[in-house]
Amino acid sequence: MSIRDAGFLSRSRILAVVTSRPFLTFAIVALVWIVASFVSRGFGAYGHLRYLVELAAVIGIVAAGQTFVVIAGGIDLSVAAIVTVAAVGLPLFAIDADPTGLTPILAVLAMTTAIGLVNGLGVALLRVHPMIMTLAMATFLQGLLIIIAGGSAVTAANPLVSWVGNARPLGIPAGILVWVVISVVVLVVMHATPFGARLFAMGAGPLAAKLSGVPIASTTMAVYGISGFMSGLAGIIVLGMNGQGYVGIGDPYLLASIAAVVLGGTSILGGLGTYAGSIPGAILLVTITALITVVNASPGWRSILFGTLILALLLLSGREAARR
Amino acid sequence: MSNASISPHARSGSLYWAIQAKRNIGVRGLFVVVLAFMVAYGFLFHGLFTGSGFAKFTQSWFPLALVAMAQAILMLTGGISLAIGALVSLGAVLAATTMTGPLGVAGGTALVCLVGLGIGAATGVIVVRLRLPAIVVTLAGSFIIAGAALLVLPRPGGAMPPWLSDLLAGNTPAAFGVLVVVVLLWKLYLATPLGLSLYAAGENPVGAYRSGVPVDAARIAAYAISGLLCTGAGLFVAAQTGSGDPIIGNSFTLNSIAAAVLGGIGFLGGQGTMRGALAGSLLLSLMISVMFFLGFTPVAQYVAQGLIIIGAVAIPQFRMRAR
Amino acid sequence: AANCIKGDRKAPYTLGWANIYSVPTWMKQTQGTIEAEVEQLKKEGLVDKLVVTDAQGDSNVQIQQIQSMIDANVDAIILIAGSSTAPARVLADACAKGIAIINFDSLVDTNDVTAKVNTDSHQWGEQATKFMIDALGGKGKIIILNGPAGVSVSDDRRAGGNDLLKANPGIQILAETNTAYNVAPAQEAVTSLLFANPEIDGILSFGGALSAGAVLALDKQGREQVPITGENARQFLELWKEKGLKSWATMQPNWLGAFAAYTAVQALEGKDVPAFVKVPLPIIDNSNIDEYLARAKDFPADGYIYSPYDRELFAKLLAQK
Amino acid sequence: MASSVPILAARGVSKAFFGNPVLRSVSISLEPGRIHALLGENGAGKSTLINLLSGALRPDSGTIEIDGKAVSRHSPPEARRAGIAVVQQELSLTNSLSIAENIGLGAYPRRFGLVDYPALAAGAKAACDLVGLNEPLATPVGELSLGRRQMVEIAKALYRKPRVLILDEPTSSLSATETRILTTLLEKLRSEGIAILYISHRLDEVMQLCQHVTVLKDGTCTADRPLEGVNAAGLVRLMVGRDPGDLFPRWDSMRTERVAVSVNRFAAGLMRDVDLEVRAGEVVGIGGLVGQGQEDLLLGLYGAIPAKAASAVINDASGLPANVPQANTRGLAYVPADRKREGLHLIHPIVTNLMLPAFARMPALKLRSRARERETAMGLALQFAIKGDLGRAAQALSGGNQQKVALAKWMPLDPAVLLLNDPTRGVDVETKREIYAMLRAFAAAGKAVVLLSSDTPELVHLCDRVAVVREGRVVTLLERGELSEEAIVAAAMGAEPERAAA
Ligand SMILES: Nc1ncnc2c1ncn2[C@@H]1O[C@H](COP(=O)(O)OP(=O)(O)OP(=O)(O)O)[C@@H](O)[C@H]1O
Ligand SMILES: Nc1ncnc2c1ncn2[C@@H]1O[C@H](COP(=O)(O)OP(=O)(O)OP(=O)(O)O)[C@@H](O)[C@H]1O
Ligand SMILES: O[C@@H]1[C@@H](O)[C@H](O)OC[C@H]1O
Ligand SMILES: [Mg+2]
Ligand SMILES: [Mg+2]
């Protein structure tokens, strides 16, 4: 990037954006939406598209944490369990003294962030491989769920939680608004702060990052902590959307978050990528699921169709660059 | 040092074994852990040392051992598969719908093997030739394969010839015998130029290519073999259960990864050994029985399982650093 | 004597509960009824220990755990199966060893058990379908919500409605889905179906949480509620009352667990136990929903409000022909 | 010109990457019994040319000829069949495989379809003997030091019994002894009629060894002639296009009394009982055979591996740094030898690579200014003459330029102590000159430099003192006055009675 063509709107810059993976993924989403609207009446209705984005918000928020982790060279297999723990555990934190419902939310977020930090601790200090550490964490959380699930005979309805899950300020679902805020913060942290730069360096080569002075342990912990926080937030939103948490409510978000990250062009090997791709990646997944639901076919064929669509989209957006 | 300088012919036969011995070093810690569990299990359940006790135990380990191998092969090439479970299911329903029909046991076995090889090879071509990330290709593949299993058998059913069930999963340790054969075949494959190239193709593909290694072929072959092992595991599960179930394999996907990583297989390709992966799968399987005999409640089971998995990976790390 | 029983086992007995997955709330509630029953049986000197395994959703692990129960020579195994076929062979081994096996909720296609105690899934589907046809006066457009694909229980419930649907061509099936028995995926699927189908007259749902998801979907899209079938999930029953639904529900009583434990001991004690104990499906409708909701606070918010039970009920069920 | 038919030749080959021409109509012929030097600055296109010759890449235009006949589909297996073997600049080895398995890779002897291990052992042993590798053949390559790996790489090429042997900077990580073994070997192979193409940035080696030279400058051939009658200065002129100055700068000791680093009974990794003092304003060299623990000395001082010391003072604070960030805070910077894995992030833009140490130290959530980063990076690029578009991935840089990036990135930190691990490995002569001048300038500015090097002349000409390491201990500390290549080599090999360490 020489100083000459650093002009903000130079042609090469526009070209770079248009040919970038996130843009491509967005274009695919738009294309699928347009085609689907012709095929199925109602698909393209504003209300429906808005609902799809609302659903995507949950995947997108989990994927925000996942993107951080993947870019830093790891993977978080505990996101599903954390979403569930948040959704099921929130009523346990109900405090009568707080009518706004904020305290339980903060408590749950603190808890899930702490769970993430423990993941990071295992990865950074015990040097347990991320897959193993987070898988083991998911197992622990299953045990925790046996203890907490069904234990809350009475759910204190939390006004803030149901607001997040149901309200539509300015006609936009609150979940989407939360996602927008999260997205902005995530993109800034990822691409405009030294912290973000350290993640990319760690993912591209942990040894070189270490020797360059990147504090590996604390950065790793931060990354998994963020992922725990995001999963917790997602858990609160699904809890609001469904009016009830239950064991298994987080299950769909594990593979979905990974798929969104990769469909968005982030390298699963770490070091390359952007959350800007995971955003359309999440919308894409929800869109495909909705399409499949509307198609009349046996479960077997639906499953085949779903897999084939993902594969086809991957061909368009998911090429892994060669690296040595 | 000294044996290197003996004349080449005197020690040529030993090169292979010397290499094998070197490969054990990385997994010694795990072997000790597994052995400890084995001893604990034998202590808790004396029947383990009877023919049928041993047979039953190896039968519950067998399919996990196969899928751990299936996953490990891919990880050695720098790949991974999330379609392991779906392939096991497909193998099981294919076996349970063909073997008592006109195809018979031989025809059914051939079909199961061909499907595994074919799907594996196709996955390999997609991942390798189109340069797509394996993790999502196989995630998509898992839906396609699971869908196919549902088309073959929309709900649990089908049947296996009882004699085959009794042969493979009766009171004789036939499954263990088959496992030994599979491991020997793997050793044999690893002793072929293509097999040995797996490591180079996984760890340093550019260097391997420049050295004249058919990198793509080695990786695609790995996917094919992996597919075969999965549907083979499915066939065994069908024999063990006497029937087919289109979702029976689901949990093998994550378990295969856990077993392989527990066994020291790395994600970047070329790191780890099959003996490690097998030990990892054995540990996972042993853990279930040992926890039963220790009378763990479900909550304790989850907690202990998590701790054992982390411990088995972390403790050797610490021992290495302590040195 | 009952099937599998050889009469050489003496009280107090060791019971094994081979559970497929102990985390879901339905399972937890069910385990609660088993533990309560076992406490009682312990007091009576009939049971000495309850061994619980959790296969974590994996049928292969469940087989291994049943094998371990055989190895440990438990006196009885009560079982919720992860697969309707997979455990058959290991159960045959257990049966041959004289272990009493009581299978409930998710059943195995085998006769090598002492008894299966369960409601009738086929009938579940049939009665739900009948309600829907009646509610729509034999004419209307419906969507059908099924449990997960490849699982016998969902398949059986769906199959139970088949004949009636064929016989009533006025009922038009717009779309059909399979999802896990959970609120979120059902809500998601129904929302998409609502947009694709502007007119929907009824929702034939084969699971309680599915129904709750459907009601939420209609509500959120501002659509009028339509007749819907369901189960005793607390969330669904509360929505039913709140939205004034035209509805019908049945239940898979959690006390099947307690009943299975009781039955196991009865069989070990030499009582004759029928090979299949059919537990009638209780019906919840507008006439009795308030009774259920009155007890709601005694049940977990994400749980199921089951009907009361006692030993007398168990004895009666065992006595039926 | 020799009269024999070339075994391998390129005729007017051109190659471009993403539209950037790297080679323009270059020709070269390799003839039997001749050692042919290929020279050029970093990034001139040498490695690319040999990739074309060995079939790893295809030319955009032009032809490759074997025995005078044009080959249409050249590929690595094809090249092997034609008897072409390459010692890659980037090691083509697999760490998890044994020495023997690496040597045979891609050319395993077979029996019944299986790798014939006895035959492999025999062949590998023979090849190892040629290069003086005596580690057990079953040793995983990952356990070897970089220099030993390089020897394996050479043995691997020899194992193929080549007619054409291409070596891309084979000596860049070899010790003097290993280099000597290689030189003798190449002479012998040449006398057996093998055609050899030799790339090196060490001109003395080239002068001594080669008969013919091809010089590349910016992808074009600027000379193709016998070496006879050219001197080193002439070669440099051909490569650079102007008169060279002296390789080593003239300097006077600027050693001060201020102690920058002082450790007592220091131990880390292989190193034991090290007493070392480095003053501000001096360059202290670390010499010895490759892999005696020198690297652990640097890494231990840098807090990158666990280290102990009876007492330690670094920049006026006592104690060793516990980790790298602490070391950085205390004014230490480290430039690793293995730039591909340890020095750089090849998939990241050059500008990000240059900024990383700064990113590591800035407050984590401070907003970055792209403009400032670009400015800093441009300044560094200018200062170090880093050629290439700063927005492109570092892997697009030639090796020498990569090395400059790995060094330059520390400058914004203004470190008081520079720990350098073989900083001129694979670096062309012009760049070397620049780096040497820079090192002395650092010292003159009152900084301390610890220079670990496998290039003995470098130690002799640049250092105030040189510590020679053998088997994990500092065996000798040579003062400037006593420095000579002979003295260092002798100490490294234990050929001399030990002198008292300072
Ligand atoms: N695959 C590639 N893609 C893009 N650019 C490349 C590629 N390979 C080489 N280059 C570029 O081609 C130029 C020539 O590289 P080459 O490796 O041939 O140089 P070299 O003469 O070997 O340099 P050195 O002395 O540093 O080894 C370099 O500028 C490099 O950036
Ligand atoms: N931008 C690039 N993209 C892809 N591959 C590249 C790129 N740049 C270089 N390469 C590959 O790397 C090889 C070596 O290139 P490069 O010139 O960077 O290193 P080198 O000069 O050979 O090595 P050294 O680093 O030790 O001097 C090239 O032949 C090419 O295959
Ligand atoms: O009816 C269902 C029951 O069969 C299952 O086991 O748990 C959930 C219920 O909805
Ligand atoms: Mg080069
Ligand atoms: Mg180069």
# chains A, B, ... in the order shown; residues from 1 in each chain; ligands from 1
>>> residues_around(residues="Ala45 in chain A", least_positions_apart="5", cutoff="9 Å", atoms="only C-alpha atoms", output="list in words")
Ser37 and Arg50 of chain A; Phe195 of chain C
>>> residues_near_ligand(ligand="ligand 3", cutoff="7 Å", atoms="only C-alpha atoms and all ligand atoms", output="number ranges by chain")
C: 26, 105-106, 153, 181, 207-209, 231, 251-252
>>> residues_around(residues="Val180 in chain B", least_positions_apart="4", cutoff="12 Å", atoms="only C-alpha atoms", output="PyMOL selection string")
chain B and resi 58+62+65-66+173-176+184-187+275+278
>>> residues_near_ligand(ligand="ligand 2", cutoff="6 Å", atoms="only C-alpha atoms and all ligand atoms", output="ChimeraX atom specification")
/D:43,47-48,89-90,395-400,426
>>> write_last_selection(atoms="N, CA, C and O atoms", output="PDB file, in the first residue's frame")
ATOM      1  N   GLY D  43      15.853 -11.412  -4.089  1.00  0.00           N
ATOM      2  CA  GLY D  43      14.701 -11.088  -4.919  1.00  0.00           C
ATOM      3  C   GLY D  43      15.013 -10.946  -6.380  1.00  0.00           C
ATOM      4  O   GLY D  43      14.154 -10.601  -7.171  1.00  0.00           O
ATOM      5  N   SER D  47      15.803 -18.162  -6.887  1.00  0.00           N
ATOM      6  CA  SER D  47      15.006 -19.311  -6.454  1.00  0.00           C
ATOM      7  C   SER D  47      13.921 -19.618  -7.465  1.00  0.00           C
ATOM      8  O   SER D  47      13.604 -20.781  -7.735  1.00  0.00           O
ATOM      9  N   THR D  48      13.371 -18.580  -8.040  1.00  0.00           N
ATOM     10  CA  THR D  48      12.329 -18.796  -9.034  1.00  0.00           C
ATOM     11  C   THR D  48      12.910 -19.545 -10.236  1.00  0.00           C
ATOM     12  O   THR D  48      12.294 -20.470 -10.761  1.00  0.00           O
ATOM     13  N   GLN D  89      16.100 -23.951  -0.874  1.00  0.00           N
ATOM     14  CA  GLN D  89      16.418 -22.932   0.104  1.00  0.00           C
ATOM     15  C   GLN D  89      15.493 -23.070   1.299  1.00  0.00           C
ATOM     16  O   GLN D  89      15.907 -23.047   2.442  1.00  0.00           O
ATOM     17  N   GLU D  90      14.194 -23.235   0.964  1.00  0.00           N
ATOM     18  CA  GLU D  90      13.278 -23.557   2.044  1.00  0.00           C
ATOM     19  C   GLU D  90      13.349 -25.040   2.245  1.00  0.00           C
ATOM     20  O   GLU D  90      13.190 -25.795   1.299  1.00  0.00           O
ATOM     21  N   GLN D 395       5.144 -13.027   2.533  1.00  0.00           N
ATOM     22  CA  GLN D 395       5.658 -14.186   1.798  1.00  0.00           C
ATOM     23  C   GLN D 395       6.021 -13.826   0.361  1.00  0.00           C
ATOM     24  O   GLN D 395       6.716 -14.569  -0.308  1.00  0.00           O
ATOM     25  N   ALA D 396       5.551 -12.678  -0.113  1.00  0.00           N
ATOM     26  CA  ALA D 396       5.916 -12.271  -1.460  1.00  0.00           C
ATOM     27  C   ALA D 396       7.308 -11.649  -1.505  1.00  0.00           C
ATOM     28  O   ALA D 396       7.833 -11.385  -2.569  1.00  0.00           O
ATOM     29  N   LEU D 397       7.889 -11.408  -0.347  1.00  0.00           N
ATOM     30  CA  LEU D 397       9.240 -10.847  -0.312  1.00  0.00           C
ATOM     31  C   LEU D 397      10.273 -11.938  -0.511  1.00  0.00           C
ATOM     32  O   LEU D 397      10.079 -13.070  -0.091  1.00  0.00           O
ATOM     33  N   SER D 398      11.385 -11.550  -1.094  1.00  0.00           N
ATOM     34  CA  SER D 398      12.479 -12.512  -1.167  1.00  0.00           C
ATOM     35  C   SER D 398      13.062 -12.665   0.232  1.00  0.00           C
ATOM     36  O   SER D 398      12.822 -11.841   1.114  1.00  0.00           O
ATOM     37  N   GLY D 399      13.824 -13.740   0.394  1.00  0.00           N
ATOM     38  CA  GLY D 399      14.313 -14.068   1.722  1.00  0.00           C
ATOM     39  C   GLY D 399      15.105 -12.952   2.391  1.00  0.00           C
ATOM     40  O   GLY D 399      14.933 -12.661   3.566  1.00  0.00           O
ATOM     41  N   GLY D 400      15.951 -12.329   1.640  1.00  0.00           N
ATOM     42  CA  GLY D 400      16.783 -11.279   2.213  1.00  0.00           C
ATOM     43  C   GLY D 400      15.936 -10.117   2.703  1.00  0.00           C
ATOM     44  O   GLY D 400      16.174  -9.554   3.772  1.00  0.00           O
ATOM     45  N   GLY D 426      21.369 -16.024   4.475  1.00  0.00           N
ATOM     46  CA  GLY D 426      20.632 -15.927   3.219  1.00  0.00           C
ATOM     47  C   GLY D 426      20.474 -14.508   2.706  1.00  0.00           C
ATOM     48  O   GLY D 426      19.623 -14.249   1.866  1.00  0.00           O
TER      49      GLY D 426
END
>>> interface_residues(of="chain A", to="chain D", cutoff="7 Å", atoms="only C-alpha atoms", output="CSV table (one decimal) with N, CA and C atoms, in the first residue's frame")
chain,number,residue,atom,x,y,z
A,1,MET,N,0.9,-1.2,0.0
A,1,MET,CA,0.0,0.0,0.0
A,1,MET,C,0.9,1.2,0.0
A,2,SER,N,1.2,1.7,-1.2
A,2,SER,CA,2.1,2.9,-1.2
A,2,SER,C,1.2,4.1,-0.9
A,189,VAL,N,-12.7,-3.5,17.5
A,189,VAL,CA,-11.7,-4.2,18.3
A,189,VAL,C,-10.8,-5.1,17.4
A,192,ALA,N,-9.1,-2.4,14.4
A,192,ALA,CA,-8.6,-1.1,14.7
A,192,ALA,C,-7.9,-0.9,16.0
A,193,THR,N,-7.6,-2.0,16.7
A,193,THR,CA,-6.9,-1.9,17.9
A,193,THR,C,-5.7,-2.9,17.9
A,194,PRO,N,-4.7,-2.5,18.7
A,194,PRO,CA,-3.5,-3.5,18.8
A,194,PRO,C,-4.0,-4.8,19.3
A,195,PHE,N,-5.0,-4.9,20.2
A,195,PHE,CA,-5.5,-6.2,20.6
A,195,PHE,C,-5.9,-7.1,19.4
A,197,ALA,N,-4.8,-6.8,16.4
A,197,ALA,CA,-3.6,-7.1,15.6
A,197,ALA,C,-2.9,-8.3,16.3
A,198,ARG,N,-2.9,-8.3,17.6
A,198,ARG,CA,-2.2,-9.4,18.3
A,198,ARG,C,-2.9,-10.8,18.0
A,201,ALA,N,-1.9,-12.1,14.7
A,201,ALA,CA,-0.5,-12.5,14.8
A,201,ALA,C,-0.4,-13.9,15.4
A,204,ALA,N,-1.7,-16.5,13.1
A,204,ALA,CA,-0.8,-16.8,11.9
A,204,ALA,C,0.5,-17.5,12.3
A,205,GLY,N,0.9,-17.3,13.5
A,205,GLY,CA,2.2,-18.0,14.0
A,205,GLY,C,2.4,-17.7,15.4
A,207,LEU,N,4.5,-18.7,17.6
A,207,LEU,CA,5.9,-18.6,18.0
A,207,LEU,C,6.4,-17.2,17.7
A,208,ALA,N,6.2,-16.8,16.4
A,208,ALA,CA,6.6,-15.5,16.0
A,208,ALA,C,5.9,-14.4,16.8
A,210,LYS,N,4.9,-14.7,19.9
A,210,LYS,CA,5.5,-14.7,21.2
A,210,LYS,C,6.8,-13.9,21.2
A,211,LEU,N,7.6,-14.2,20.2
A,211,LEU,CA,8.9,-13.6,20.2
A,211,LEU,C,8.8,-12.1,19.8
A,212,SER,N,7.7,-11.7,19.3
A,212,SER,CA,7.5,-10.3,19.0
A,212,SER,C,7.0,-9.6,20.2
A,213,GLY,N,6.8,-10.3,21.3
A,213,GLY,CA,6.3,-9.7,22.6
A,213,GLY,C,4.8,-9.7,22.8
A,214,VAL,N,4.1,-10.4,22.0
A,214,VAL,CA,2.7,-10.5,22.2
A,214,VAL,C,2.4,-11.3,23.5
A,215,PRO,N,1.7,-10.8,24.5
A,215,PRO,CA,1.4,-11.5,25.7
A,215,PRO,C,0.4,-12.7,25.4
>>> interface_residues(of="chain C", to="chain B", cutoff="10 Å", atoms="only C-alpha atoms", output="count of residues only")
44
>>> interface_residues(of="chain B", to="chain A", cutoff="8 Å", atoms="only C-alpha atoms", output="PyMOL selection string")
chain B and resi 130-133+135-137+139-151+154+204-206+258+261-262+298-303+305-307+309-310+313-314+317-318
>>> residues_around(residues="range 31-34 of chain A", least_positions_apart="4", cutoff="9 Å", atoms="only C-alpha atoms", output="PyMOL selection string")
chain A and resi 26-27+38-39+43-44+49+284+287-288
>>> closest_atom_pairs(of="chain D", to="chain B", cutoff="7 Å", atoms="only C-alpha atoms", output="tab-separated table")
residue	atom	partner	partner_atom	distance
D:Ala56	CA	B:Arg210	CA	5.8
D:Pro76	CA	B:Gly212	CA	5.0
D:Pro77	CA	B:Gly212	CA	4.6
D:Leu91	CA	B:Gly207	CA	6.8
D:Ser92	CA	B:Gly207	CA	3.7
D:Leu93	CA	B:Gly207	CA	6.4
D:Thr94	CA	B:Ala200	CA	5.3
D:Ser96	CA	B:Gln271	CA	6.4
D:Ser98	CA	B:Ile19	CA	6.7
D:Leu105	CA	B:Ser211	CA	6.5
D:Gly106	CA	B:Val213	CA	4.6
D:Tyr108	CA	B:Pro193	CA	6.3
D:Gly113	CA	B:Thr192	CA	6.3
D:Leu114	CA	B:Thr192	CA	4.2
D:Val115	CA	B:Thr192	CA	5.2
D:Tyr117	CA	B:Tyr16	CA	6.2
D:Pro118	CA	B:Ser12	CA	4.4
D:Ala121	CA	B:Ser12	CA	5.4
D:Ala122	CA	B:Pro8	CA	5.0
D:Lys125	CA	B:Pro8	CA	6.5
D:Asn134	CA	B:Ala4	CA	6.5
D:Glu135	CA	B:Met1	CA	6.1
D:Pro136	CA	B:Ala4	CA	4.5
D:Leu137	CA	B:Ala4	CA	6.5
D:Ala138	CA	B:Ile19	CA	4.7
>>> select_by_dssp(residues="range 154-253 of chain C", states="strand (DSSP E)", output="list in words")
Ile171, Gln172, Ile173, Leu174, Ala175, Glu176, Thr177, Asn178, Gly202, Ile203, Leu204, Ser205, Ile228, Thr229, Gly230, Glu231, Ser247, Trp248, Ala249 and Thr250 of chain C
>>> write_last_selection(atoms="N, CA, C and O atoms", output="mmCIF file, in the first residue's frame")
data_model
loop_
_atom_site.group_PDB
_atom_site.id
_atom_site.type_symbol
_atom_site.label_atom_id
_atom_site.label_comp_id
_atom_site.auth_asym_id
_atom_site.auth_seq_id
_atom_site.Cartn_x
_atom_site.Cartn_y
_atom_site.Cartn_z
ATOM 1 N N ILE C 171 -59.051 -32.314 4.842
ATOM 2 C CA ILE C 171 -57.908 -31.752 5.567
ATOM 3 C C ILE C 171 -56.708 -31.725 4.627
ATOM 4 O O ILE C 171 -56.237 -32.768 4.168
ATOM 5 N N GLN C 172 -56.241 -30.527 4.357
ATOM 6 C CA GLN C 172 -55.135 -30.409 3.418
ATOM 7 C C GLN C 172 -53.845 -30.126 4.200
ATOM 8 O O GLN C 172 -53.784 -29.177 4.984
ATOM 9 N N ILE C 173 -52.827 -30.957 3.979
ATOM 10 C CA ILE C 173 -51.551 -30.755 4.680
ATOM 11 C C ILE C 173 -50.691 -29.802 3.853
ATOM 12 O O ILE C 173 -50.248 -30.133 2.759
ATOM 13 N N LEU C 174 -50.499 -28.615 4.389
ATOM 14 C CA LEU C 174 -49.708 -27.627 3.649
ATOM 15 C C LEU C 174 -48.226 -27.945 3.721
ATOM 16 O O LEU C 174 -47.486 -27.816 2.745
ATOM 17 N N ALA C 175 -47.789 -28.323 4.888
ATOM 18 C CA ALA C 175 -46.361 -28.560 5.068
ATOM 19 C C ALA C 175 -46.146 -29.379 6.330
ATOM 20 O O ALA C 175 -47.014 -29.454 7.193
ATOM 21 N N GLU C 176 -44.999 -29.968 6.396
ATOM 22 C CA GLU C 176 -44.684 -30.856 7.503
ATOM 23 C C GLU C 176 -43.218 -30.654 7.871
ATOM 24 O O GLU C 176 -42.387 -30.476 6.983
ATOM 25 N N THR C 177 -42.887 -30.655 9.150
ATOM 26 C CA THR C 177 -41.469 -30.500 9.519
ATOM 27 C C THR C 177 -41.060 -31.543 10.549
ATOM 28 O O THR C 177 -41.908 -32.097 11.246
ATOM 29 N N ASN C 178 -39.783 -31.770 10.602
ATOM 30 C CA ASN C 178 -39.194 -32.564 11.678
ATOM 31 C C ASN C 178 -38.183 -31.712 12.413
ATOM 32 O O ASN C 178 -37.267 -31.171 11.799
ATOM 33 N N GLY C 202 -55.046 -24.931 11.143
ATOM 34 C CA GLY C 202 -54.776 -25.726 12.338
ATOM 35 C C GLY C 202 -53.340 -26.214 12.349
ATOM 36 O O GLY C 202 -52.684 -26.270 11.306
ATOM 37 N N ILE C 203 -52.861 -26.504 13.555
ATOM 38 C CA ILE C 203 -51.496 -27.018 13.670
ATOM 39 C C ILE C 203 -51.548 -28.344 14.404
ATOM 40 O O ILE C 203 -51.953 -28.413 15.572
ATOM 41 N N LEU C 204 -51.188 -29.380 13.674
ATOM 42 C CA LEU C 204 -51.174 -30.713 14.272
ATOM 43 C C LEU C 204 -49.762 -30.961 14.777
ATOM 44 O O LEU C 204 -48.851 -31.233 14.001
ATOM 45 N N SER C 205 -49.601 -30.817 16.104
ATOM 46 C CA SER C 205 -48.264 -30.921 16.685
ATOM 47 C C SER C 205 -48.164 -32.205 17.488
ATOM 48 O O SER C 205 -49.073 -32.543 18.242
ATOM 49 N N ILE C 228 -54.789 -26.267 17.987
ATOM 50 C CA ILE C 228 -53.459 -26.882 18.043
ATOM 51 C C ILE C 228 -53.453 -28.024 19.050
ATOM 52 O O ILE C 228 -54.134 -27.955 20.076
ATOM 53 N N THR C 229 -52.714 -29.070 18.745
ATOM 54 C CA THR C 229 -52.594 -30.192 19.680
ATOM 55 C C THR C 229 -51.266 -30.084 20.429
ATOM 56 O O THR C 229 -50.375 -29.356 20.005
ATOM 57 N N GLY C 230 -51.186 -30.806 21.534
ATOM 58 C CA GLY C 230 -49.931 -30.699 22.275
ATOM 59 C C GLY C 230 -49.832 -31.668 23.429
ATOM 60 O O GLY C 230 -50.509 -32.698 23.476
ATOM 61 N N GLU C 231 -48.951 -31.288 24.334
ATOM 62 C CA GLU C 231 -48.630 -32.124 25.482
ATOM 63 C C GLU C 231 -48.616 -31.275 26.731
ATOM 64 O O GLU C 231 -48.700 -30.057 26.664
ATOM 65 N N SER C 247 -57.652 -26.088 22.150
ATOM 66 C CA SER C 247 -56.548 -27.029 22.180
ATOM 67 C C SER C 247 -56.909 -28.335 22.849
ATOM 68 O O SER C 247 -57.942 -28.455 23.526
ATOM 69 N N TRP C 248 -55.970 -29.236 22.663
ATOM 70 C CA TRP C 248 -56.098 -30.576 23.235
ATOM 71 C C TRP C 248 -54.697 -31.037 23.547
ATOM 72 O O TRP C 248 -53.776 -30.755 22.786
ATOM 73 N N ALA C 249 -54.519 -31.708 24.668
ATOM 74 C CA ALA C 249 -53.171 -32.210 24.954
ATOM 75 C C ALA C 249 -53.253 -33.542 25.689
ATOM 76 O O ALA C 249 -54.253 -33.856 26.335
ATOM 77 N N THR C 250 -52.181 -34.267 25.558
ATOM 78 C CA THR C 250 -52.096 -35.511 26.311
ATOM 79 C C THR C 250 -50.764 -35.494 27.041
ATOM 80 O O THR C 250 -50.149 -34.440 27.178
#
>>> residues_around(residues="Ala100 in chain C", least_positions_apart="3", cutoff="12 Å", atoms="only C-alpha atoms", output="MDAnalysis selection string")
chainID C and resid 1:9 13:17 69:70 73:79 91:97 103 112:116 260:271 273 275
>>> residues_around(residues="Ile66 in chain D", least_positions_apart="3", cutoff="6 Å", atoms="only C-alpha atoms", output="PDB file with N, CA, C and O atoms, in the first residue's frame")
ATOM      1  N   ILE D   7      23.323 -30.595 -19.714  1.00  0.00           N
ATOM      2  CA  ILE D   7      22.356 -31.604 -19.263  1.00  0.00           C
ATOM      3  C   ILE D   7      21.002 -30.950 -19.061  1.00  0.00           C
ATOM      4  O   ILE D   7      19.965 -31.475 -19.417  1.00  0.00           O
ATOM      5  N   LEU D   8      21.054 -29.757 -18.470  1.00  0.00           N
ATOM      6  CA  LEU D   8      19.804 -29.070 -18.172  1.00  0.00           C
ATOM      7  C   LEU D   8      19.988 -27.617 -18.573  1.00  0.00           C
ATOM      8  O   LEU D   8      21.012 -27.011 -18.281  1.00  0.00           O
ATOM      9  N   LYS D  69      16.961 -31.584 -25.339  1.00  0.00           N
ATOM     10  CA  LYS D  69      15.601 -31.700 -25.864  1.00  0.00           C
ATOM     11  C   LYS D  69      14.624 -30.948 -24.960  1.00  0.00           C
ATOM     12  O   LYS D  69      14.685 -31.059 -23.730  1.00  0.00           O
TER      13      LYS D  69
END
